[in-house]
>>> print(open('final.cif').read())   # mmCIF, C-alpha atoms
data_protein
#
loop_
_atom_site.label_atom_id
_atom_site.label_comp_id
_atom_site.auth_asym_id
_atom_site.auth_seq_id
_atom_site.Cartn_x
_atom_site.Cartn_y
_atom_site.Cartn_z
CA MET G 1 76.54 -64.07 -5.12
CA SER G 2 78.76 -64.03 -8.20
CA GLN G 3 75.83 -63.55 -10.57
CA VAL G 4 74.76 -60.51 -8.55
CA MET G 5 78.21 -58.99 -7.87
CA PRO G 6 80.77 -60.09 -10.46
CA PRO G 7 84.38 -59.60 -9.45
CA PRO G 8 85.63 -56.16 -10.53
CA VAL G 9 87.32 -56.19 -13.92
CA ARG G 10 90.20 -53.77 -14.58
CA THR G 11 89.62 -52.34 -18.03
CA PRO G 12 91.86 -49.73 -19.56
CA ARG G 13 90.01 -46.44 -19.12
CA GLU G 14 89.63 -43.86 -21.83
CA PRO G 15 89.95 -40.13 -21.13
CA ARG G 16 86.83 -38.91 -19.32
CA ASN G 17 85.71 -35.86 -17.33
CA GLY G 18 88.60 -33.90 -18.81
CA VAL G 19 91.02 -36.36 -17.19
CA ASN G 20 93.60 -38.11 -19.36
CA THR G 21 92.94 -41.36 -17.56
CA PRO G 22 95.56 -43.51 -19.35
CA VAL G 23 98.27 -40.94 -18.59
CA LEU G 24 97.08 -40.71 -14.97
CA MET G 25 97.30 -44.48 -14.60
CA ALA G 26 100.72 -44.55 -16.29
CA THR G 27 101.89 -41.79 -13.92
CA ILE G 28 100.80 -43.78 -10.88
CA ASP G 29 102.59 -46.85 -12.24
CA ALA G 30 105.75 -44.81 -12.88
CA VAL G 31 105.76 -43.54 -9.30
CA LYS G 32 105.20 -47.08 -7.99
CA GLU G 33 108.33 -48.14 -9.87
CA ASN G 34 110.36 -45.13 -8.77
CA PRO G 35 109.12 -43.79 -5.39
CA PRO G 36 111.50 -40.77 -5.23
CA LEU G 37 109.41 -39.26 -8.07
CA ALA G 38 106.67 -38.75 -5.44
CA GLN G 39 108.71 -36.24 -3.41
CA PHE G 40 107.28 -32.75 -4.05
CA ARG G 41 108.01 -29.37 -2.50
CA PHE G 42 105.54 -26.54 -2.99
CA ARG G 43 106.39 -22.89 -2.26
CA ALA G 44 104.97 -19.41 -1.93
CA SER G 45 106.55 -16.00 -1.35
CA SER G 46 104.68 -13.24 0.39
CA ARG G 47 105.23 -9.50 0.72
CA TRP G 48 103.54 -7.20 3.22
CA VAL G 49 102.09 -4.08 1.58
CA ASP G 50 100.43 -2.22 4.48
CA GLY G 51 98.05 -2.83 7.34
CA THR G 52 96.75 -6.38 7.08
CA TYR G 53 97.25 -6.47 3.31
CA SER G 54 99.80 -8.74 1.65
CA GLN G 55 100.45 -10.31 -1.72
CA SER G 56 101.80 -13.79 -2.42
CA ARG G 57 103.39 -15.27 -5.50
CA VAL G 58 103.25 -18.96 -6.33
CA GLU G 59 105.65 -19.72 -9.15
CA SER G 60 107.69 -22.86 -8.86
CA PHE G 61 107.75 -26.24 -7.21
CA SER G 62 109.92 -29.32 -7.30
CA GLY G 63 108.76 -32.87 -7.83
CA ALA G 64 108.91 -35.88 -10.13
CA GLY G 65 112.68 -35.54 -9.99
CA GLY G 66 112.87 -31.97 -11.27
CA GLU G 67 112.07 -28.30 -10.89
CA HIS G 68 108.86 -26.90 -12.43
CA GLN G 69 107.42 -23.47 -13.17
CA HIS G 70 103.69 -22.90 -13.17
CA LYS G 71 102.52 -21.90 -16.66
CA SER G 72 101.34 -18.54 -15.31
CA GLN G 73 102.71 -16.42 -12.49
CA PHE G 74 99.95 -16.72 -9.93
CA THR G 75 99.58 -13.89 -7.41
CA PHE G 76 97.10 -13.70 -4.56
CA ALA G 77 96.19 -10.90 -2.22
CA ALA G 78 94.90 -11.23 1.33
CA ASP G 79 93.51 -8.65 3.71
CA HIS G 80 91.19 -8.34 6.67
CA PRO G 81 87.64 -7.08 6.07
CA GLU G 82 86.57 -3.62 7.16
CA VAL G 83 84.67 -4.96 10.16
CA LEU G 84 88.05 -6.23 11.37
CA VAL G 85 89.77 -2.92 10.63
CA GLY G 86 91.27 -4.04 7.31
CA GLN G 87 90.48 -2.66 3.87
CA ASP G 88 89.09 -5.83 2.27
CA ARG G 89 91.51 -5.72 -0.68
CA GLY G 90 91.54 -9.52 -0.64
CA VAL G 91 89.80 -12.29 1.23
CA THR G 92 91.07 -13.19 4.68
CA PRO G 93 93.90 -15.71 5.00
CA ILE G 94 91.63 -18.20 6.74
CA GLU G 95 89.15 -18.14 3.83
CA PHE G 96 91.86 -19.51 1.53
CA LEU G 97 91.81 -22.70 3.60
CA LEU G 98 88.15 -23.18 2.64
CA HIS G 99 88.91 -22.72 -1.05
CA GLY G 100 91.84 -25.14 -0.80
CA LEU G 101 89.67 -27.74 0.92
CA ALA G 102 86.87 -27.59 -1.64
CA ALA G 103 89.31 -27.54 -4.56
CA CYS G 104 91.31 -30.53 -3.28
CA ILE G 105 88.31 -32.83 -2.80
CA THR G 106 86.89 -31.63 -6.14
CA ALA G 107 90.10 -32.41 -8.06
CA GLY G 108 90.15 -35.88 -6.57
CA ILE G 109 86.52 -36.43 -7.56
CA GLY G 110 87.37 -35.70 -11.20
CA ASN G 111 90.26 -38.17 -11.19
CA ILE G 112 88.54 -40.94 -9.25
CA ALA G 113 85.38 -40.79 -11.36
CA ALA G 114 87.48 -41.06 -14.52
CA ALA G 115 89.39 -44.01 -13.09
CA ARG G 116 86.07 -45.72 -12.28
CA GLY G 117 84.62 -45.05 -15.72
CA ILE G 118 81.94 -42.68 -14.42
CA THR G 119 81.05 -39.50 -16.34
CA LEU G 120 80.23 -36.55 -14.12
CA SER G 121 77.76 -33.87 -15.11
CA SER G 122 78.26 -31.50 -12.17
CA VAL G 123 80.07 -31.16 -8.86
CA GLU G 124 79.45 -28.22 -6.56
CA SER G 125 80.39 -27.66 -2.96
CA HIS G 126 79.73 -25.22 -0.16
CA VAL G 127 82.12 -24.94 2.73
CA GLU G 128 81.96 -22.91 5.90
CA GLY G 129 84.05 -22.54 9.01
CA ASP G 130 83.14 -21.17 12.44
CA ILE G 131 85.65 -19.11 14.35
CA ASP G 132 85.48 -17.21 17.63
CA LEU G 133 87.76 -14.22 17.17
CA ARG G 134 88.29 -13.75 20.91
CA GLY G 135 91.21 -16.14 20.35
CA ILE G 136 93.19 -14.08 17.87
CA LEU G 137 92.16 -10.81 19.51
CA GLY G 138 93.81 -11.98 22.72
CA ILE G 139 90.60 -11.59 24.76
CA ALA G 140 90.05 -15.20 25.89
CA SER G 141 92.96 -17.54 26.43
CA ASP G 142 90.66 -20.60 26.45
CA VAL G 143 89.39 -19.90 22.91
CA ARG G 144 91.44 -21.37 20.08
CA ASN G 145 92.75 -19.03 17.37
CA GLY G 146 91.49 -20.98 14.38
CA TYR G 147 88.29 -22.53 13.13
CA GLN G 148 86.37 -24.57 15.67
CA ASN G 149 84.84 -26.66 12.93
CA ILE G 150 84.50 -26.78 9.15
CA ARG G 151 81.55 -28.21 7.23
CA ILE G 152 81.58 -29.01 3.54
CA THR G 153 78.62 -30.18 1.45
CA PHE G 154 79.01 -31.70 -2.01
CA ASP G 155 76.31 -31.91 -4.67
CA ILE G 156 77.45 -34.43 -7.27
CA ALA G 157 75.66 -35.64 -10.39
CA GLY G 158 76.76 -38.21 -12.97
CA ASP G 159 75.90 -41.41 -14.84
CA ALA G 160 76.11 -43.75 -11.87
CA THR G 161 73.96 -44.69 -8.90
CA PRO G 162 73.85 -42.25 -6.00
CA GLU G 163 75.78 -44.85 -3.98
CA LYS G 164 78.62 -44.93 -6.50
CA LEU G 165 78.72 -41.14 -6.77
CA ARG G 166 78.76 -40.86 -3.00
CA ALA G 167 81.62 -43.40 -2.85
CA ILE G 168 83.67 -41.22 -5.22
CA VAL G 169 83.38 -38.24 -2.89
CA GLU G 170 84.21 -40.39 0.13
CA GLN G 171 87.27 -41.82 -1.61
CA SER G 172 88.42 -38.34 -2.60
CA ARG G 173 88.07 -37.18 0.99
CA ALA G 174 90.08 -40.21 2.13
CA ARG G 175 92.88 -39.32 -0.32
CA SER G 176 92.85 -35.54 0.02
CA ALA G 177 96.07 -33.76 0.92
CA VAL G 178 94.20 -30.71 2.25
CA VAL G 179 91.75 -32.78 4.31
CA ASP G 180 94.71 -34.55 5.90
CA VAL G 181 96.50 -31.32 6.77
CA LEU G 182 93.37 -29.60 8.08
CA THR G 183 92.15 -32.52 10.17
CA ASN G 184 95.46 -33.92 11.41
CA GLY G 185 97.72 -30.89 11.43
CA VAL G 186 101.32 -30.57 10.30
CA PRO G 187 104.45 -29.21 12.00
CA VAL G 188 105.10 -25.57 11.03
CA GLU G 189 108.67 -24.37 11.56
CA LEU G 190 109.26 -20.61 11.78
CA SER G 191 112.55 -18.79 11.16
CA ILE G 192 113.01 -15.04 11.54
CA ASN G 193 115.58 -12.59 10.18
CA ALA G 194 115.12 -9.18 11.78
CA HIS G 195 116.80 -5.91 10.76
CA THR G 196 116.63 -2.47 12.39
CA ARG G 197 116.09 0.20 9.75
CA MET O 198 115.37 -2.80 38.50
CA SER O 199 112.78 -0.09 38.04
CA GLN O 200 115.28 2.46 36.76
CA VAL O 201 116.46 -0.03 34.13
CA MET O 202 113.08 -1.47 33.13
CA PRO O 203 110.27 0.97 33.84
CA PRO O 204 106.82 -0.60 34.00
CA PRO O 205 105.16 -0.58 30.57
CA VAL O 206 103.03 2.50 29.97
CA ARG O 207 99.89 2.16 27.86
CA THR O 208 99.82 5.15 25.57
CA PRO O 209 97.10 5.68 23.00
CA ARG O 210 98.58 4.65 19.68
CA GLU O 211 98.22 6.65 16.51
CA PRO O 212 97.55 4.99 13.13
CA ARG O 213 100.74 3.34 11.88
CA ASN O 214 101.80 0.81 9.22
CA GLY O 215 98.48 1.40 7.47
CA VAL O 216 96.67 0.16 10.57
CA ASN O 217 94.01 2.36 12.15
CA THR O 218 95.34 1.51 15.60
CA PRO O 219 92.75 3.47 17.66
CA VAL O 220 89.89 1.76 15.78
CA LEU O 221 91.59 -1.61 16.20
CA MET O 222 91.89 -1.05 19.96
CA ALA O 223 88.29 0.17 20.16
CA THR O 224 87.17 -2.94 18.25
CA ILE O 225 88.97 -5.22 20.69
CA ASP O 226 87.36 -3.36 23.60
CA ALA O 227 83.91 -3.64 21.99
CA VAL O 228 84.32 -7.41 21.60
CA LYS O 229 85.50 -7.69 25.21
CA GLU O 230 82.27 -6.00 26.29
CA ASN O 231 80.09 -8.06 23.97
CA PRO O 232 81.68 -11.50 23.27
CA PRO O 233 79.00 -12.70 20.78
CA LEU O 234 80.42 -10.11 18.35
CA ALA O 235 83.44 -12.42 18.05
CA GLN O 236 81.47 -15.26 16.41
CA PHE O 237 82.34 -15.33 12.70
CA ARG O 238 81.46 -17.76 9.94
CA PHE O 239 83.46 -17.71 6.70
CA ARG O 240 82.29 -19.42 3.51
CA ALA O 241 83.29 -20.44 0.01
CA SER O 242 81.43 -22.05 -2.89
CA SER O 243 83.21 -24.20 -5.42
CA ARG O 244 82.26 -25.54 -8.85
CA TRP O 245 84.03 -28.30 -10.75
CA VAL O 246 84.83 -27.32 -14.34
CA ASP O 247 86.65 -30.38 -15.69
CA GLY O 248 89.53 -32.67 -14.86
CA THR O 249 91.19 -31.38 -11.70
CA TYR O 250 90.14 -27.78 -12.41
CA SER O 251 87.64 -25.95 -10.21
CA GLN O 252 86.66 -22.40 -9.38
CA SER O 253 85.65 -21.01 -5.99
CA ARG O 254 83.80 -17.87 -5.04
CA VAL O 255 84.27 -16.12 -1.70
CA GLU O 256 81.57 -13.52 -1.27
CA SER O 257 79.99 -13.25 2.15
CA PHE O 258 80.60 -13.99 5.78
CA SER O 259 78.82 -13.40 9.06
CA GLY O 260 80.30 -11.84 12.16
CA ALA O 261 80.16 -8.89 14.54
CA GLY O 262 76.44 -9.59 14.86
CA GLY O 263 75.63 -9.29 11.14
CA GLU O 264 76.04 -10.47 7.57
CA HIS O 265 78.77 -8.94 5.38
CA GLN O 266 79.65 -8.94 1.71
CA HIS O 267 83.24 -8.61 0.57
CA LYS O 268 83.71 -5.38 -1.39
CA SER O 269 84.65 -7.37 -4.50
CA GLN O 270 83.50 -10.79 -5.64
CA PHE O 271 86.65 -12.83 -5.21
CA THR O 272 87.07 -15.92 -7.40
CA PHE O 273 89.93 -18.39 -7.31
CA ALA O 274 90.85 -21.24 -9.60
CA ALA O 275 92.69 -24.41 -8.66
CA ASP O 276 94.12 -27.18 -10.80
CA HIS O 277 96.82 -29.80 -10.78
CA PRO O 278 100.04 -29.11 -12.69
CA GLU O 279 100.84 -30.90 -15.93
CA VAL O 280 103.35 -33.20 -14.24
CA LEU O 281 100.37 -34.44 -12.21
CA VAL O 282 98.17 -34.80 -15.30
CA GLY O 283 96.29 -31.51 -14.74
CA GLN O 284 96.38 -28.46 -17.01
CA ASP O 285 97.88 -25.95 -14.54
CA ARG O 286 95.04 -23.44 -14.95
CA GLY O 287 95.46 -22.53 -11.27
CA VAL O 288 97.81 -23.42 -8.45
CA THR O 289 97.21 -26.66 -6.60
CA PRO O 290 94.78 -26.68 -3.67
CA ILE O 291 97.60 -27.46 -1.23
CA GLU O 292 99.56 -24.37 -2.35
CA PHE O 293 96.72 -22.15 -1.14
CA LEU O 294 97.49 -23.33 2.39
CA LEU O 295 100.99 -21.84 2.06
CA HIS O 296 99.59 -18.50 0.88
CA GLY O 297 97.05 -18.50 3.74
CA LEU O 298 99.77 -19.23 6.27
CA ALA O 299 102.09 -16.46 5.09
CA ALA O 300 99.24 -13.96 4.76
CA CYS O 301 97.85 -14.69 8.23
CA ILE O 302 101.13 -14.22 10.07
CA THR O 303 101.87 -11.14 7.94
CA ALA O 304 98.51 -9.50 8.74
CA GLY O 305 99.11 -10.04 12.44
CA ILE O 306 102.58 -8.53 12.16
CA GLY O 307 101.08 -5.32 10.74
CA ASN O 308 98.56 -5.06 13.58
CA ILE O 309 100.89 -6.03 16.41
CA ALA O 310 103.65 -3.65 15.29
CA ALA O 311 101.12 -0.79 15.16
CA ALA O 312 99.84 -1.67 18.62
CA ARG O 313 103.42 -1.62 19.91
CA GLY O 314 104.23 1.69 18.26
CA ILE O 315 106.76 0.19 15.86
CA THR O 316 106.95 1.34 12.23
CA LEU O 317 107.73 -1.44 9.78
CA SER O 318 109.68 -0.85 6.58
CA SER O 319 109.35 -4.33 5.07
CA VAL O 320 108.06 -7.81 5.79
CA GLU O 321 108.66 -10.68 3.41
CA SER O 322 108.25 -14.39 3.85
CA HIS O 323 109.04 -17.60 2.04
CA VAL O 324 107.11 -20.74 2.82
CA GLU O 325 107.51 -24.28 1.58
CA GLY O 326 105.91 -27.62 2.27
CA ASP O 327 107.16 -31.14 1.62
CA ILE O 328 104.75 -33.80 0.47
CA ASP O 329 105.19 -37.41 -0.63
CA LEU O 330 102.52 -37.99 -3.26
CA ARG O 331 102.53 -41.75 -2.75
CA GLY O 332 99.87 -41.00 -0.13
CA ILE O 333 97.29 -39.37 -2.37
CA LEU O 334 98.16 -41.63 -5.30
CA GLY O 335 97.20 -44.63 -3.18
CA ILE O 336 100.59 -46.28 -3.58
CA ALA O 337 101.77 -46.40 0.04
CA SER O 338 99.27 -46.70 2.89
CA ASP O 339 101.89 -45.66 5.47
CA VAL O 340 102.52 -42.28 3.78
CA ARG O 341 100.24 -39.44 4.85
CA ASN O 342 98.26 -37.59 2.20
CA GLY O 343 99.25 -34.07 3.20
CA TYR O 344 102.39 -32.09 3.89
CA GLN O 345 104.91 -33.79 6.13
CA ASN O 346 106.24 -30.44 7.27
CA ILE O 347 106.01 -26.76 6.45
CA ARG O 348 108.78 -24.18 6.90
CA ILE O 349 108.27 -20.44 6.83
CA THR O 350 110.98 -17.79 7.00
CA PHE O 351 110.24 -14.13 7.71
CA ASP O 352 112.48 -11.19 6.88
CA ILE O 353 111.27 -8.21 8.88
CA ALA O 354 112.70 -4.67 9.04
CA GLY O 355 111.53 -1.70 11.10
CA ASP O 356 112.46 1.00 13.60
CA ALA O 357 113.02 -1.28 16.57
CA THR O 358 115.68 -3.64 17.83
CA PRO O 359 115.96 -7.03 16.13
CA GLU O 360 114.69 -8.55 19.39
CA LYS O 361 111.53 -6.45 19.33
CA LEU O 362 110.93 -7.16 15.65
CA ARG O 363 111.45 -10.84 16.25
CA ALA O 364 108.97 -10.71 19.15
CA ILE O 365 106.32 -9.23 16.85
CA VAL O 366 106.63 -12.17 14.47
CA GLU O 367 106.53 -14.64 17.36
CA GLN O 368 103.44 -12.99 18.82
CA SER O 369 101.74 -13.04 15.43
CA ARG O 370 102.50 -16.73 15.09
CA ALA O 371 101.07 -17.32 18.57
CA ARG O 372 97.83 -15.53 17.60
CA SER O 373 97.46 -16.80 14.05
CA ALA O 374 94.22 -18.51 13.04
CA VAL O 375 95.89 -20.32 10.14
CA VAL O 376 98.87 -21.47 12.21
CA ASP O 377 96.43 -22.92 14.75
CA VAL O 378 94.42 -24.80 12.12
CA LEU O 379 97.49 -26.10 10.28
CA THR O 380 99.37 -27.22 13.38
CA ASN O 381 96.49 -28.45 15.53
CA GLY O 382 93.90 -29.51 12.97
CA VAL O 383 90.15 -28.96 12.99
CA PRO O 384 87.17 -31.32 12.56
CA VAL O 385 85.96 -31.36 8.93
CA GLU O 386 82.40 -32.60 8.46
CA LEU O 387 81.39 -33.84 5.00
CA SER O 388 77.84 -34.11 3.63
CA ILE O 389 77.00 -35.47 0.18
CA ASN O 390 73.97 -35.08 -2.08
CA ALA O 391 74.24 -37.43 -5.07
CA HIS O 392 72.04 -37.49 -8.17
CA THR O 393 72.05 -39.89 -11.13
CA ARG O 394 71.83 -37.97 -14.40
#
>>> encode(input="final.cif", output="structure tokens")
Amino acid sequence: MSQVMPPPVRTPREPRNGVNTPVLMATIDAVKENPPLAQFRFRASSRWVDGTYSQSRVESFSGAGGEHQHKSQFTFAADHPEVLVGQDRGVTPIEFLLHGLAACITAGIGNIAAARGITLSSVESHVEGDIDLRGILGIASDVRNGYQNIRITFDIAGDATPEKLRAIVEQSRARSAVVDVLTNGVPVELSINAHTR
Amino acid sequence: MSQVMPPPVRTPREPRNGVNTPVLMATIDAVKENPPLAQFRFRASSRWVDGTYSQSRVESFSGAGGEHQHKSQFTFAADHPEVLVGQDRGVTPIEFLLHGLAACITAGIGNIAAARGITLSSVESHVEGDIDLRGILGIASDVRNGYQNIRITFDIAGDATPEKLRAIVEQSRARSAVVDVLTNGVPVELSINAHTR
């Protein structure tokens, strides 16, 4: 079979798809050599404004052995829509999970394609989640609060066979931080400081 | 004990905390009468730009028996930070989960306090998640891809005892769609359309 499927050859990859592939590979090698560099802590701060409306700031994180500031101060609003008695001054909190999911798999696709020497021409995705609000409204105790299922569809185009493009998306899913959290869950620890005013 | 703890009396609640409490209660009653109104589907569309950078749009959703458009067209970017070989043109996908978590519990706090006749003066939260990037970098197969744990701290102030304020936060956590998804997970179904170009 060797004439049909030669063993894979590891060639140094040039930058591609907007990914600085040599730096990405060097970063992975540096973390292999020094595993504590892989420990990251991400953060957000949120402030209630009124009703179901709040604003979050995402500014800093730690990782790679140090503390980092995002280049911009990123702020995000969230609200409930009018049909749920909010004022729709932001998308709902649960919609941000859909954005995070699509963005995480998409970022991985860019990196993995570059690492495999494949040039992408377009990647689009559509994601949707079904939820029965009787859970959060306290109407039915046998209905879960969150999404019952999420579906995401990717349309990917590039200079490789459909099988290779498909394999990039599958690999990105297999290595996605958001996919892992959404499908497997994570412990969430809550602390409360309460003050009468 | 009845002189010490009178049975709870259900009084009609006026609007409070920016929540139209009577409309909220009427909405819950309407869904009780007609459970299919509770079926919602939220959506996002995402487009890869380059590298690890993508943009999502959140525009429409279905629920309460109909199709709805958000009042604004909401768009969100996501990217990896420079230390992870991105260009930091947006926060990372996994940071959006932290914003969604804080916003979801916060929205519930506004509603629950209004329903309980408690006026809030401030609600702030800080959330952080720990992640070992050896998972997504493919360096260590025994390290998960996503957060290993998430911690969220609420500071709440209002015109009730600390115990009652604390109970509002606990009840919001217990009824949070995002808390449910993050702690219990949800099936994520992936479809791929691939085109050689």
>>> closest_residue(input="final.cif", among="O:Pro290, O:Gly355, O:Gly326, O:Gly262", to="Ser176 of chain G", atoms="all atoms listed in the file")
O:Pro290
>>> atom_distance(input="final.cif", atom1="atom CA of Ile333 of chain O", atom2="atom CA of Leu298 of chain O")
22.1 Å
>>> closest_atom_pairs(input="final.cif", of="segment 72-163 of chain G", to="segment 20-29 of chain G", cutoff="10 Å", atoms="only C-alpha atoms", output="CSV")
residue,atom,partner,partner_atom,distance
G:Asn111,CA,G:Thr21,CA,7.6
G:Ile112,CA,G:Thr21,CA,9.4
G:Ala113,CA,G:Thr21,CA,9.8
G:Ala114,CA,G:Thr21,CA,6.3
G:Ala115,CA,G:Thr21,CA,6.3
G:Arg116,CA,G:Thr21,CA,9.7
G:Gly117,CA,G:Thr21,CA,9.3
>>> resolve_selection(input="final.cif", expression="the PyMOL selection byres ((chain G and resi 77) around 9)", output="PDB file with C-alpha atoms, keeping the file's coordinate frame")
ATOM      1  CA  TYR G  53      97.250  -6.470   3.310  1.00  0.00           C
ATOM      2  CA  SER G  54      99.800  -8.740   1.650  1.00  0.00           C
ATOM      3  CA  GLN G  55     100.450 -10.310  -1.720  1.00  0.00           C
ATOM      4  CA  SER G  56     101.800 -13.790  -2.420  1.00  0.00           C
ATOM      5  CA  THR G  75      99.580 -13.890  -7.410  1.00  0.00           C
ATOM      6  CA  PHE G  76      97.100 -13.700  -4.560  1.00  0.00           C
ATOM      7  CA  ALA G  78      94.900 -11.230   1.330  1.00  0.00           C
ATOM      8  CA  ASP G  79      93.510  -8.650   3.710  1.00  0.00           C
ATOM      9  CA  ARG G  89      91.510  -5.720  -0.680  1.00  0.00           C
ATOM     10  CA  GLY G  90      91.540  -9.520  -0.640  1.00  0.00           C
ATOM     11  CA  VAL G  91      89.800 -12.290   1.230  1.00  0.00           C
ATOM     12  CA  THR G  92      91.070 -13.190   4.680  1.00  0.00           C
ATOM     13  CA  PRO G  93      93.900 -15.710   5.000  1.00  0.00           C
TER      14      PRO G  93
ATOM     15  CA  HIS O 296      99.590 -18.500   0.880  1.00  0.00           C
ATOM     16  CA  ALA O 300      99.240 -13.960   4.760  1.00  0.00           C
TER      17      ALA O 300
END
>>> resolve_selection(input="final.cif", expression="the PyMOL selection byres ((chain O and resi 370) around 12)", output="PyMOL selection string")
(chain G and resi 136+145-146+188-192) or (chain O and resi 298-306+309+349-351+363-369+371-380)
>>> closest_residue(input="final.cif", among="G:Ala38, G:Val127, G:Ala44, G:Ile94", to="Gly66 of chain G", atoms="only C-alpha atoms")
G:Ala38
>>> closest_residue(input="final.cif", among="G:Gly138, G:Gly51, G:Pro15, G:Gly86", to="chain O", atoms="all atoms listed in the file")
G:Gly51
>>> closest_residue(input="final.cif", among="O:Leu317, O:Asp247, O:Gly215, O:Ser242", to="Val85 of chain G", atoms="only C-alpha atoms")
O:Gly215
>>> closest_residue(input="final.cif", among="O:Ala357, O:Val320, O:Val216, O:Ile347", to="Arg47 of chain G", atoms="only C-alpha atoms")
O:Val320
>>> closest_residue(input="final.cif", among="G:Gln73, G:Pro187, G:Gly63, G:Glu14", to="Arg348 of chain O", atoms="all atoms listed in the file")
G:Pro187
>>> atom_distance(input="final.cif", atom1="atom CA of Arg13 of chain G", atom2="atom CA of His277 of chain O")
19.8 Å
>>> resolve_selection(input="final.cif", expression="the PyMOL selection byres ((chain G and resi 197) around 10)", output="mmCIF file with C-alpha atoms, in the frame of the given file")
data_model
loop_
_atom_site.group_PDB
_atom_site.id
_atom_site.type_symbol
_atom_site.label_atom_id
_atom_site.label_comp_id
_atom_site.auth_asym_id
_atom_site.auth_seq_id
_atom_site.Cartn_x
_atom_site.Cartn_y
_atom_site.Cartn_z
ATOM 1 C CA ALA G 194 115.120 -9.180 11.780
ATOM 2 C CA HIS G 195 116.800 -5.910 10.760
ATOM 3 C CA THR G 196 116.630 -2.470 12.390
ATOM 4 C CA THR O 316 106.950 1.340 12.230
ATOM 5 C CA LEU O 317 107.730 -1.440 9.780
ATOM 6 C CA SER O 318 109.680 -0.850 6.580
ATOM 7 C CA SER O 319 109.350 -4.330 5.070
ATOM 8 C CA ILE O 353 111.270 -8.210 8.880
ATOM 9 C CA ALA O 354 112.700 -4.670 9.040
ATOM 10 C CA GLY O 355 111.530 -1.700 11.100
ATOM 11 C CA ASP O 356 112.460 1.000 13.600
ATOM 12 C CA ALA O 357 113.020 -1.280 16.570
ATOM 13 C CA THR O 358 115.680 -3.640 17.830
ATOM 14 C CA PRO O 359 115.960 -7.030 16.130
#
>>> atom_distance(input="final.cif", atom1="atom CA of Phe258 of chain O", atom2="atom CA of Phe237 of chain O")
7.3 Å
